[in-house]
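Peer 1: Just one file: start_37.cif, with mmCIF, C-alpha atoms.
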data_run
loop_
_atom_site.group_PDB
_atom_site.id
_atom_site.type_symbol
_atom_site.label_atom_id
_atom_site.label_comp_id
_atom_site.auth_asym_id
_atom_site.auth_seq_id
_atom_site.Cartn_x
_atom_site.Cartn_y
_atom_site.Cartn_z
ATOM 1 C CA MET A 19 -32.783 -55.258 3.757
ATOM 2 C CA VAL A 20 -34.004 -51.699 4.234
ATOM 3 C CA SER A 21 -33.374 -50.299 7.696
ATOM 4 C CA LEU A 22 -36.815 -49.301 8.973
ATOM 5 C CA SER A 23 -37.773 -45.859 10.190
ATOM 6 C CA ALA A 24 -41.213 -45.089 11.622
ATOM 7 C CA ALA A 25 -41.538 -41.995 9.412
ATOM 8 C CA ASP A 26 -41.017 -44.061 6.254
ATOM 9 C CA VAL A 27 -43.565 -46.666 7.372
ATOM 10 C CA VAL A 28 -46.091 -43.920 8.188
ATOM 11 C CA GLY A 29 -45.663 -42.333 4.770
ATOM 12 C CA GLU A 30 -46.097 -45.615 2.926
ATOM 13 C CA LEU A 31 -49.124 -46.637 4.998
ATOM 14 C CA LYS A 32 -50.799 -43.319 4.197
ATOM 15 C CA ALA A 33 -50.197 -43.979 0.513
ATOM 16 C CA LEU A 34 -51.475 -47.553 0.804
ATOM 17 C CA ARG A 35 -54.814 -46.544 2.333
ATOM 18 C CA LYS A 36 -55.891 -44.677 -0.826
ATOM 19 C CA GLY A 37 -58.246 -46.185 -3.396
ATOM 20 C CA ARG A 38 -58.912 -49.860 -2.714
ATOM 21 C CA ALA A 39 -56.034 -50.064 -0.191
ATOM 22 C CA ILE A 40 -54.677 -53.630 -0.010
ATOM 23 C CA PHE A 41 -56.945 -54.600 -2.921
ATOM 24 C CA THR A 42 -55.376 -52.022 -5.236
ATOM 25 C CA THR A 43 -54.196 -53.342 -8.614
ATOM 26 C CA PRO A 44 -51.326 -53.379 -9.362
ATOM 27 C CA LEU A 45 -50.426 -53.621 -5.704
ATOM 28 C CA ALA A 46 -46.644 -53.629 -6.212
ATOM 29 C CA ASP A 47 -46.687 -49.943 -7.229
ATOM 30 C CA ARG A 48 -48.175 -48.983 -3.855
ATOM 31 C CA ILE A 49 -45.702 -50.823 -1.626
ATOM 32 C CA GLY A 50 -42.466 -48.997 -0.917
ATOM 33 C CA PRO A 51 -39.198 -50.305 0.511
ATOM 34 C CA ALA A 52 -40.183 -49.731 4.162
ATOM 35 C CA LEU A 53 -43.397 -51.783 3.946
ATOM 36 C CA ARG A 54 -41.630 -54.467 1.919
ATOM 37 C CA SER A 55 -39.053 -54.747 4.663
ATOM 38 C CA ALA A 56 -41.625 -54.689 7.480
ATOM 39 C CA CYS A 57 -43.805 -57.342 5.816
ATOM 40 C CA GLY A 58 -41.085 -59.573 4.367
ATOM 41 C CA ILE A 59 -42.144 -58.897 0.764
ATOM 42 C CA VAL A 60 -39.558 -59.845 -1.845
ATOM 43 C CA GLU A 61 -39.230 -58.985 -5.536
ATOM 44 C CA GLU A 62 -40.478 -62.395 -6.659
ATOM 45 C CA ASP A 63 -43.797 -62.126 -4.786
ATOM 46 C CA GLY A 64 -46.903 -61.792 -6.925
ATOM 47 C CA THR A 65 -49.949 -59.691 -6.056
ATOM 48 C CA VAL A 66 -51.719 -62.452 -4.101
ATOM 49 C CA GLU A 67 -48.637 -63.206 -2.006
ATOM 50 C CA MET A 68 -47.971 -59.514 -1.368
ATOM 51 C CA ARG A 69 -51.564 -59.023 -0.224
ATOM 52 C CA ARG A 70 -51.297 -62.039 2.084
ATOM 53 C CA LYS A 71 -48.079 -60.779 3.653
ATOM 54 C CA LEU A 72 -49.519 -57.286 4.130
ATOM 55 C CA THR A 73 -52.635 -58.699 5.774
ATOM 56 C CA ASP A 74 -50.676 -61.094 8.003
ATOM 57 C CA ARG A 75 -48.428 -58.277 9.197
ATOM 58 C CA LEU A 76 -50.924 -55.424 9.517
ATOM 59 C CA ARG A 77 -53.882 -57.230 11.052
ATOM 60 C CA PRO A 78 -52.139 -58.284 14.313
ATOM 61 C CA LEU A 79 -50.773 -54.775 14.743
ATOM 62 C CA VAL A 80 -54.194 -53.224 14.157
ATOM 63 C CA GLU A 81 -55.903 -55.742 16.446
ATOM 64 C CA SER A 82 -53.595 -54.680 19.290
ATOM 65 C CA LEU A 83 -54.943 -51.111 19.242
ATOM 66 C CA PRO A 84 -57.865 -49.681 21.272
ATOM 67 C CA ASP A 85 -61.259 -50.461 19.724
ATOM 68 C CA ASP A 86 -61.842 -47.070 18.107
ATOM 69 C CA LEU A 87 -58.434 -47.042 16.418
ATOM 70 C CA LYS A 88 -58.795 -50.696 15.459
ATOM 71 C CA ILE A 89 -62.120 -50.170 13.669
ATOM 72 C CA ALA A 90 -60.815 -47.057 11.946
ATOM 73 C CA LEU A 91 -57.720 -48.846 10.589
ATOM 74 C CA LEU A 92 -59.544 -52.037 9.635
ATOM 75 C CA ALA A 93 -61.696 -49.804 7.451
ATOM 76 C CA ALA A 94 -58.814 -47.645 6.159
ATOM 77 C CA PHE A 95 -56.886 -50.616 4.771
ATOM 78 C CA ALA A 96 -59.990 -52.661 3.782
ATOM 79 C CA LEU A 97 -59.013 -55.378 6.263
ATOM 80 C CA ASP A 98 -62.640 -55.731 7.386
ATOM 81 C CA GLU A 99 -64.821 -57.456 4.776
ATOM 82 C CA ARG A 100 -67.712 -55.116 5.586
ATOM 83 C CA ALA A 101 -65.580 -52.106 4.664
ATOM 84 C CA ARG A 102 -64.180 -53.315 1.320
ATOM 85 C CA LYS A 103 -65.416 -50.349 -0.622
ATOM 86 C CA PRO A 104 -63.660 -48.927 -3.675
ATOM 87 C CA PHE A 105 -62.941 -45.476 -2.266
ATOM 88 C CA TYR A 106 -61.119 -44.396 0.894
ATOM 89 C CA GLN A 107 -63.776 -41.829 1.803
ATOM 90 C CA GLU A 108 -66.456 -44.548 1.650
ATOM 91 C CA ARG A 109 -64.512 -46.678 4.122
ATOM 92 C CA VAL A 110 -64.022 -43.659 6.366
ATOM 93 C CA HIS A 111 -67.780 -43.052 6.330
ATOM 94 C CA TRP A 112 -68.443 -46.729 7.149
ATOM 95 C CA ALA A 113 -66.153 -46.446 10.195
ATOM 96 C CA ALA A 114 -67.822 -43.176 11.205
ATOM 97 C CA ILE A 115 -71.238 -44.854 11.240
ATOM 98 C CA THR A 116 -69.868 -47.876 13.117
ATOM 99 C CA LEU A 117 -68.207 -45.687 15.768
ATOM 100 C CA ASP A 118 -71.012 -43.101 15.852
ATOM 101 C CA ARG A 119 -68.550 -40.349 15.058
ATOM 102 C CA ASP A 120 -68.212 -37.884 12.185
ATOM 103 C CA ASP A 121 -65.893 -38.504 9.250
ATOM 104 C CA ARG A 122 -63.371 -35.886 10.366
ATOM 105 C CA THR A 123 -62.924 -37.583 13.727
ATOM 106 C CA VAL A 124 -62.388 -40.955 12.036
ATOM 107 C CA ARG A 125 -59.682 -39.496 9.801
ATOM 108 C CA ARG A 126 -57.872 -38.242 12.906
ATOM 109 C CA ARG A 127 -58.205 -41.702 14.471
ATOM 110 C CA ILE A 128 -56.751 -43.271 11.329
ATOM 111 C CA ASP A 129 -53.748 -40.953 11.380
ATOM 112 C CA GLU A 130 -53.214 -41.673 15.076
ATOM 113 C CA GLY A 131 -53.524 -45.413 14.519
ATOM 114 C CA ILE A 132 -51.065 -45.364 11.612
ATOM 115 C CA GLU A 133 -48.486 -43.628 13.811
ATOM 116 C CA GLN A 134 -48.921 -46.329 16.458
ATOM 117 C CA ILE A 135 -48.695 -49.380 14.193
ATOM 118 C CA ALA A 136 -45.689 -47.881 12.407
ATOM 119 C CA ALA A 137 -43.899 -47.567 15.749
ATOM 120 C CA LEU A 138 -44.872 -51.148 16.609
ATOM 121 C CA ALA A 139 -43.612 -52.427 13.252
ATOM 122 C CA VAL A 140 -40.248 -50.723 13.691
ATOM 123 C CA ALA A 141 -39.882 -51.905 17.294
ATOM 124 C CA ALA A 142 -40.588 -55.504 16.261
ATOM 125 C CA ALA A 143 -38.270 -55.460 13.244
ATOM 126 C CA VAL A 144 -35.339 -57.840 13.457
ATOM 127 C CA PRO A 145 -32.337 -56.744 11.395
ATOM 128 C CA ALA A 146 -31.492 -59.243 8.675
ATOM 129 C CA PRO A 147 -28.106 -59.809 7.070
ATOM 130 C CA ARG A 148 -27.534 -57.528 4.105
ATOM 131 C CA LEU A 149 -27.352 -59.185 0.702
ATOM 132 C CA TYR A 150 -24.311 -57.041 -0.127
ATOM 133 C CA PRO A 151 -22.452 -55.827 2.997
ATOM 134 C CA GLY A 152 -21.751 -52.123 3.099
ATOM 135 C CA ARG A 153 -18.243 -50.666 2.901
ATOM 136 C CA GLY A 154 -18.487 -47.621 5.114
ATOM 137 C CA TRP A 155 -21.937 -46.606 3.862
ATOM 138 C CA HIS A 156 -24.687 -47.767 1.536
ATOM 139 C CA THR A 157 -27.572 -46.200 -0.358
ATOM 140 C CA GLU A 158 -30.958 -46.997 1.138
ATOM 141 C CA GLU A 159 -32.901 -45.255 -1.619
ATOM 142 C CA LEU A 160 -31.927 -43.589 -4.889
ATOM 143 C CA ARG A 161 -34.510 -41.752 -6.983
ATOM 144 C CA VAL A 162 -33.538 -40.295 -10.361
ATOM 145 C CA THR A 163 -35.606 -38.317 -12.848
ATOM 146 C CA LEU A 164 -33.930 -37.949 -16.245
ATOM 147 C CA ALA A 165 -35.345 -35.434 -18.729
ATOM 148 C CA LEU A 166 -34.108 -36.122 -22.260
ATOM 149 C CA ASP A 167 -36.439 -33.579 -23.868
ATOM 150 C CA GLN A 168 -34.292 -30.635 -22.704
ATOM 151 C CA PRO A 169 -31.645 -28.823 -24.796
ATOM 152 C CA VAL A 170 -29.084 -30.534 -22.539
ATOM 153 C CA PRO A 171 -30.344 -33.675 -20.761
ATOM 154 C CA GLU A 172 -30.782 -33.192 -17.023
ATOM 155 C CA ALA A 173 -30.942 -35.737 -14.229
ATOM 156 C CA PHE A 174 -32.236 -34.946 -10.748
ATOM 157 C CA GLU A 175 -30.903 -37.368 -8.151
ATOM 158 C CA PHE A 176 -32.221 -37.717 -4.609
ATOM 159 C CA ARG A 177 -30.298 -40.195 -2.492
ATOM 160 C CA ARG A 178 -30.696 -41.406 1.109
ATOM 161 C CA VAL A 179 -27.582 -43.029 2.523
ATOM 162 C CA VAL A 180 -26.973 -44.965 5.731
ATOM 163 C CA ALA A 181 -23.625 -45.007 7.543
ATOM 164 C CA ASP A 182 -22.297 -48.512 8.195
ATOM 165 C CA ALA A 183 -19.400 -47.158 10.259
ATOM 166 C CA ASP A 184 -18.635 -44.134 12.400
ATOM 167 C CA GLN A 185 -17.208 -40.846 11.162
ATOM 168 C CA ILE A 186 -18.395 -41.014 7.547
ATOM 169 C CA ALA A 187 -17.504 -37.515 6.351
ATOM 170 C CA VAL A 188 -17.321 -37.882 2.545
ATOM 171 C CA LEU A 189 -19.450 -39.804 0.041
ATOM 172 C CA ASP A 190 -17.510 -41.140 -2.923
ATOM 173 C CA LEU A 191 -19.986 -40.931 -5.780
ATOM 174 C CA ALA A 192 -19.448 -41.435 -9.499
ATOM 175 C CA LEU A 193 -21.216 -40.934 -12.795
ATOM 176 C CA THR A 194 -20.643 -42.847 -16.009
ATOM 177 C CA LEU A 195 -20.619 -40.819 -19.244
ATOM 178 C CA PRO A 196 -20.266 -43.442 -21.994
ATOM 179 C CA VAL A 197 -17.602 -42.910 -24.614
ATOM 180 C CA THR A 198 -18.773 -42.782 -28.208
ATOM 181 C CA GLY A 199 -18.662 -46.076 -30.005
ATOM 182 C CA GLU A 200 -17.100 -44.541 -33.132
ATOM 183 C CA SER A 201 -14.459 -42.184 -31.804
ATOM 184 C CA GLY A 202 -13.766 -43.657 -28.389
ATOM 185 C CA ASP A 203 -13.392 -40.125 -27.032
ATOM 186 C CA SER A 204 -13.089 -39.915 -23.285
ATOM 187 C CA ALA A 205 -15.697 -38.210 -21.147
ATOM 188 C CA GLY A 206 -14.243 -35.040 -19.708
ATOM 189 C CA GLU A 207 -15.207 -32.797 -16.847
ATOM 190 C CA PRO A 208 -16.604 -30.116 -19.197
ATOM 191 C CA ASP A 209 -19.117 -32.743 -20.377
ATOM 192 C CA LEU A 210 -20.664 -32.914 -16.916
ATOM 193 C CA GLY A 211 -22.379 -30.146 -14.961
ATOM 194 C CA VAL A 212 -23.110 -30.852 -11.294
ATOM 195 C CA ASP A 213 -25.196 -28.793 -8.860
ATOM 196 C CA VAL A 214 -25.661 -29.730 -5.219
ATOM 197 C CA PHE A 215 -29.174 -28.804 -4.065
ATOM 198 C CA HIS A 216 -28.798 -30.001 -0.486
ATOM 199 C CA GLY A 217 -26.846 -32.342 1.744
ATOM 200 C CA GLY A 218 -23.198 -31.375 1.286
ATOM 201 C CA VAL A 219 -20.492 -29.626 -0.695
ATOM 202 C CA LEU A 220 -18.843 -30.927 -3.857
ATOM 203 C CA ALA A 221 -15.229 -31.276 -2.729
ATOM 204 C CA GLY A 222 -13.584 -32.647 -5.838
ATOM 205 C CA ARG A 223 -13.688 -34.625 -9.073
ATOM 206 C CA VAL A 224 -11.356 -37.262 -10.415
ATOM 207 C CA ARG A 225 -11.180 -39.142 -13.726
ATOM 208 C CA GLU A 226 -11.520 -42.811 -12.767
ATOM 209 C CA SER A 227 -11.618 -44.204 -16.295
ATOM 210 C CA SER A 228 -12.301 -43.061 -19.839
ATOM 211 C CA ASP A 229 -16.044 -42.951 -19.133
ATOM 212 C CA ARG A 230 -16.365 -42.582 -15.349
ATOM 213 C CA ILE A 231 -15.938 -39.440 -13.274
ATOM 214 C CA GLY A 232 -15.662 -39.721 -9.509
ATOM 215 C CA LEU A 233 -17.246 -37.108 -7.258
ATOM 216 C CA ALA A 234 -16.398 -36.410 -3.618
ATOM 217 C CA LEU A 235 -19.311 -34.962 -1.631
ATOM 218 C CA ARG A 236 -18.286 -33.588 1.760
ATOM 219 C CA LEU A 237 -21.119 -33.902 4.279
ATOM 220 C CA PRO A 238 -22.168 -31.095 6.646
ATOM 221 C CA GLU A 239 -20.967 -33.201 9.559
ATOM 222 C CA PRO A 240 -19.627 -36.758 9.949
ATOM 223 C CA LEU A 241 -22.232 -39.505 10.239
ATOM 224 C CA ARG A 242 -22.373 -42.032 13.044
ATOM 225 C CA ARG A 243 -23.018 -45.700 12.367
ATOM 226 C CA GLY A 244 -26.709 -46.186 11.531
ATOM 227 C CA ALA A 245 -27.342 -42.487 10.793
ATOM 228 C CA ARG A 246 -29.208 -41.505 7.642
ATOM 229 C CA HIS A 247 -28.493 -38.560 5.393
ATOM 230 C CA GLU A 248 -30.201 -37.227 2.261
ATOM 231 C CA VAL A 249 -28.599 -35.422 -0.654
ATOM 232 C CA GLY A 250 -30.068 -33.785 -3.747
ATOM 233 C CA LEU A 251 -28.044 -33.314 -6.935
ATOM 234 C CA ARG A 252 -28.597 -32.194 -10.515
ATOM 235 C CA PHE A 253 -26.477 -33.464 -13.398
ATOM 236 C CA ARG A 254 -26.381 -32.006 -16.916
ATOM 237 C CA ALA A 255 -24.620 -33.843 -19.718
ATOM 238 C CA ASN A 256 -24.934 -34.715 -23.371
ATOM 239 C CA LEU A 257 -25.254 -38.498 -23.281
ATOM 240 C CA ARG A 258 -22.893 -40.035 -25.800
ATOM 241 C CA GLU A 259 -24.703 -43.355 -25.956
ATOM 242 C CA HIS A 260 -28.406 -44.231 -25.827
ATOM 243 C CA ARG A 261 -28.467 -45.544 -22.292
ATOM 244 C CA TYR A 262 -28.738 -44.454 -18.675
ATOM 245 C CA VAL A 263 -27.533 -46.874 -16.017
ATOM 246 C CA CYS A 264 -26.543 -46.807 -12.375
ATOM 247 C CA VAL A 265 -23.318 -48.698 -11.617
ATOM 248 C CA PRO A 266 -23.149 -48.415 -7.810
ATOM 249 C CA ARG A 267 -19.822 -48.507 -6.017
ATOM 250 C CA HIS A 268 -21.570 -49.157 -2.711
ATOM 251 C CA PRO A 269 -24.619 -51.397 -2.138
ATOM 252 C CA CYS A 270 -27.968 -49.856 -3.032
ATOM 253 C CA ASP A 271 -31.245 -51.147 -1.589
ATOM 254 C CA PHE A 272 -33.625 -49.394 -3.976
ATOM 255 C CA PHE A 273 -33.231 -47.510 -7.269
ATOM 256 C CA ASP A 274 -36.230 -45.717 -8.803
ATOM 257 C CA LEU A 275 -35.737 -44.275 -12.300
ATOM 258 C CA HIS A 276 -38.064 -42.063 -14.347
ATOM 259 C CA VAL A 277 -36.928 -41.210 -17.885
ATOM 260 C CA ARG A 278 -38.786 -38.643 -19.967
ATOM 261 C CA PHE A 279 -38.305 -38.822 -23.734
ATOM 262 C CA GLY A 280 -41.108 -36.369 -24.510
ATOM 263 C CA GLU A 281 -42.286 -36.382 -28.109
ATOM 264 C CA ARG A 282 -39.253 -38.269 -29.454
ATOM 265 C CA VAL A 283 -39.869 -41.760 -28.078
ATOM 266 C CA PRO A 284 -37.354 -44.349 -29.336
ATOM 267 C CA LYS A 285 -38.515 -47.416 -31.222
ATOM 268 C CA ARG A 286 -37.031 -49.804 -28.655
ATOM 269 C CA ILE A 287 -36.520 -49.249 -24.946
ATOM 270 C CA MET A 288 -34.947 -52.052 -22.924
ATOM 271 C CA ARG A 289 -34.624 -52.622 -19.189
ATOM 272 C CA GLN A 290 -31.173 -53.665 -17.985
ATOM 273 C CA GLU A 291 -30.652 -55.328 -14.618
ATOM 274 C CA LYS A 292 -27.426 -56.604 -13.055
ATOM 275 C CA VAL A 293 -25.511 -56.338 -16.309
ATOM 276 C CA SER A 294 -21.732 -56.339 -16.420
ATOM 277 C CA PRO A 295 -20.663 -52.852 -17.557
ATOM 278 C CA ALA A 296 -18.789 -54.495 -20.418
ATOM 279 C CA GLY A 297 -22.042 -56.035 -21.656
ATOM 280 C CA VAL A 298 -24.310 -52.983 -21.447
ATOM 281 C CA ASP A 299 -24.054 -52.319 -25.193
ATOM 282 C CA ASP A 300 -24.284 -55.964 -26.249
ATOM 283 C CA ARG A 301 -27.173 -55.884 -28.746
ATOM 284 C CA SER A 302 -27.464 -59.680 -28.596
ATOM 285 C CA ARG A 303 -28.739 -59.495 -25.026
ATOM 286 C CA THR A 304 -32.415 -60.354 -24.516
ATOM 287 C CA ASP A 305 -33.299 -57.527 -22.130
ATOM 288 C CA THR A 306 -36.910 -56.844 -21.152
ATOM 289 C CA ALA A 307 -38.709 -54.466 -23.517
ATOM 290 C CA LEU A 308 -40.404 -51.374 -22.069
ATOM 291 C CA ALA A 309 -43.201 -49.185 -23.432
ATOM 292 C CA ALA A 310 -43.366 -45.442 -22.877
ATOM 293 C CA ASP A 311 -46.637 -43.999 -21.574
ATOM 294 C CA ASP A 312 -48.704 -41.259 -23.232
ATOM 295 C CA ALA A 313 -46.408 -38.601 -21.754
ATOM 296 C CA GLY A 314 -43.367 -40.201 -23.391
ATOM 297 C CA GLU A 315 -42.020 -41.532 -20.101
ATOM 298 C CA VAL A 316 -40.819 -44.859 -18.717
ATOM 299 C CA HIS A 317 -40.503 -45.840 -15.057
ATOM 300 C CA VAL A 318 -38.396 -48.704 -13.711
ATOM 301 C CA ARG A 319 -37.435 -49.885 -10.232
ATOM 302 C CA PHE A 320 -34.606 -52.062 -8.991
ATOM 303 C CA ARG A 321 -33.926 -53.570 -5.563
ATOM 304 C CA ASN A 322 -30.769 -54.916 -3.923
ATOM 305 C CA LEU A 323 -28.344 -53.563 -6.517
ATOM 306 C CA ALA A 324 -24.997 -55.342 -6.558
ATOM 307 C CA PRO A 325 -21.938 -53.069 -6.562
ATOM 308 C CA GLY A 326 -20.138 -52.987 -9.885
ATOM 309 C CA PHE A 327 -23.125 -54.020 -12.031
ATOM 310 C CA ALA A 328 -25.302 -51.827 -14.239
ATOM 311 C CA TYR A 329 -29.026 -51.135 -13.720
ATOM 312 C CA GLY A 330 -31.168 -48.892 -15.907
ATOM 313 C CA ILE A 331 -32.365 -48.650 -19.501
ATOM 314 C CA ARG A 332 -31.017 -48.445 -23.045
ATOM 315 C CA TRP A 333 -32.826 -47.417 -26.209
ATOM 316 C CA THR A 334 -32.454 -47.415 -29.977
#
What's the structure tokens form of this structure?
Peer 2:
Amino acid sequence: MVSLSAADVVGELKALRKGRAIFTTPLADRIGPALRSACGIVEEDGTVEMRRKLTDRLRPLVESLPDDLKIALLAAFALDERARKPFYQERVHWAAITLDRDDRTVRRRIDEGIEQIAALAVAAAVPAPRLYPGRGWHTEELRVTLALDQPVPEAFEFRRVVADADQIAVLDLALTLPVTGESGDSAGEPDLGVDVFHGGVLAGRVRESSDRIGLALRLPEPLRRGARHEVGLRFRANLREHRYVCVPRHPCDFFDLHVRFGERVPKRIMRQEKVSPAGVDDRSRTDTALAADDAGEVHVRFRNLAPGFAYGIRWT
């Protein structure tokens, strides 16, 4: 379960109000981890069920606001049947006419109302047991962009962690660089370039296995239980196998992965979810096939990652 913050809820609500709002298709792409947590949306929910849960959660919050904010938000999220127009600006104009105000004023009311219902949602949230209990800290959100169309592949990693205990001063991270199937050569430190963009200082590396390098990231100051912290890293490495997976040591609530192949799109791209690291290269597995878009990119998301299992993609 994602630990809610009002800022995250505000950001996701502002994204949700665009286009057809709760009637957007596909709706799953517009609902982030904070709204999923606030509305009780799970991975198995289809579009109709997600829309129902959003409506059931948002409407009571909106109805509790003063009339001007209520009308503005009912229009913003297309919760009022009379305001179910295809474009956000059309719904804003409908609310402006209804309230006898100009469009600019209504937009300010919408922003104010979103701040208020986000605070209400966070205040009413009841913490739920974690699927995989944290061991000192866990990753709330991990976003990775991997560019394979560079001379040396580069991965940009942005991670938000939450402390599950007091005095968390170092994050023990790791990256898997697969050994080659033919030679069995080990991945070495020269194979991996690491730059810290923000959030700490790289304090050390250690070879954990033939294909896994551990990284110690010292934080600017120790974290207290419940505190969040964000880090930004860049990795550069020649991938020895045609795969990119996250094998988390600590629980991870949400993993978002963009992979750019560019002009050289592989014939087969497969999604891998909760795979034993020993089975990642098993070609007999029936993993879900993926299709690259016109830019030569694929995008996958994973939720509630189990420590010790692999999540990501492979290609041939």
Peer 1: May I ask for the distance between atom CA of A:Pro44 and atom CA of A:Met288, given in Å to one decimal place?
Peer 2: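 We find that atom CA of A:Pro44 and atom CA of A:Met288 lie 21.3 Å from each other.
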Peer 1: To verify the selection step, state as JSON, numbers by chain which residues the PyMOL selection byres ((chain A and resi 188-190) around 10) yields on this input.
Peer 2: {"A": [154, 155, 156, 179, 185, 186, 187, 191, 192, 218, 219, 220, 221, 222, 223, 232, 233, 234, 235, 236, 237, 238, 239, 240, 241, 267, 268]}
Peer 1: For the file shown, what are the residues hit by the PyMOL selection byres ((chain A and resi 329) around 6), laid out as a list in words?
Peer 2: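 Output of the PyMOL selection byres ((chain A and resi 329) around 6): Val263, Cys264, Gln290, Glu291, Lys292, Ala328 and Gly330 of chain A.
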Peer 1: Run the PyMOL selection byres ((chain A and resi 326) around 7) against the file shown and list the residues it catches, as a list in words.
Peer 2: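 Here the PyMOL selection byres ((chain A and resi 326) around 7) matches Val265, Pro266, Arg267, Ala324, Pro325, Phe327 and Ala328 of chain A.
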Peer 1: Could those selected residues go to a file with C-alpha atoms, as an mmCIF file, in the coordinates of the input?
Peer 2:
data_model
loop_
_atom_site.group_PDB
_atom_site.id
_atom_site.type_symbol
_atom_site.label_atom_id
_atom_site.label_comp_id
_atom_site.auth_asym_id
_atom_site.auth_seq_id
_atom_site.Cartn_x
_atom_site.Cartn_y
_atom_site.Cartn_z
ATOM 1 C CA VAL A 265 -23.318 -48.698 -11.617
ATOM 2 C CA PRO A 266 -23.149 -48.415 -7.810
ATOM 3 C CA ARG A 267 -19.822 -48.507 -6.017
ATOM 4 C CA ALA A 324 -24.997 -55.342 -6.558
ATOM 5 C CA PRO A 325 -21.938 -53.069 -6.562
ATOM 6 C CA PHE A 327 -23.125 -54.020 -12.031
ATOM 7 C CA ALA A 328 -25.302 -51.827 -14.239
#
Peer 1: Please indicate the distance in Å from atom CA of A:Leu160 to atom CA of A:Ala245, rounded to one decimal place.
Peer 2: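 We find that atom CA of A:Leu160 and atom CA of A:Ala245 lie 16.4 Å from each other.
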Peer 1: Which is closest to A:Arg254 among A:Asn322, A:Ser294, A:Thr163, A:Thr334, if we use all atoms listed in the file?
Peer 2: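 Once distances to A:Arg254 are computed over all atoms listed in the file, the minimum belongs to A:Thr163.
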Peer 1: Between A:Arg161, A:Arg77, A:Arg243, A:His276, which one has atoms that come closest to A:Phe176, using only C-alpha atoms?
Peer 2: A:Arg161
Peer 1: With all atoms listed in the file as the basis for distance, which of A:Val277, A:Arg35, A:Leu53, A:His317 is at the shortest distance from A:Asp167?
Peer 2: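 Using all atoms listed in the file, the shortest distance to A:Asp167 belongs to A:Val277.
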Peer 1: Would you mind reading off the distance between atom CA of A:Ile287 and atom CA of A:Arg321, one decimal, in Å?
Peer 2: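 Calculated distance between atom CA of A:Ile287 and atom CA of A:Arg321 is 20.0 Å.
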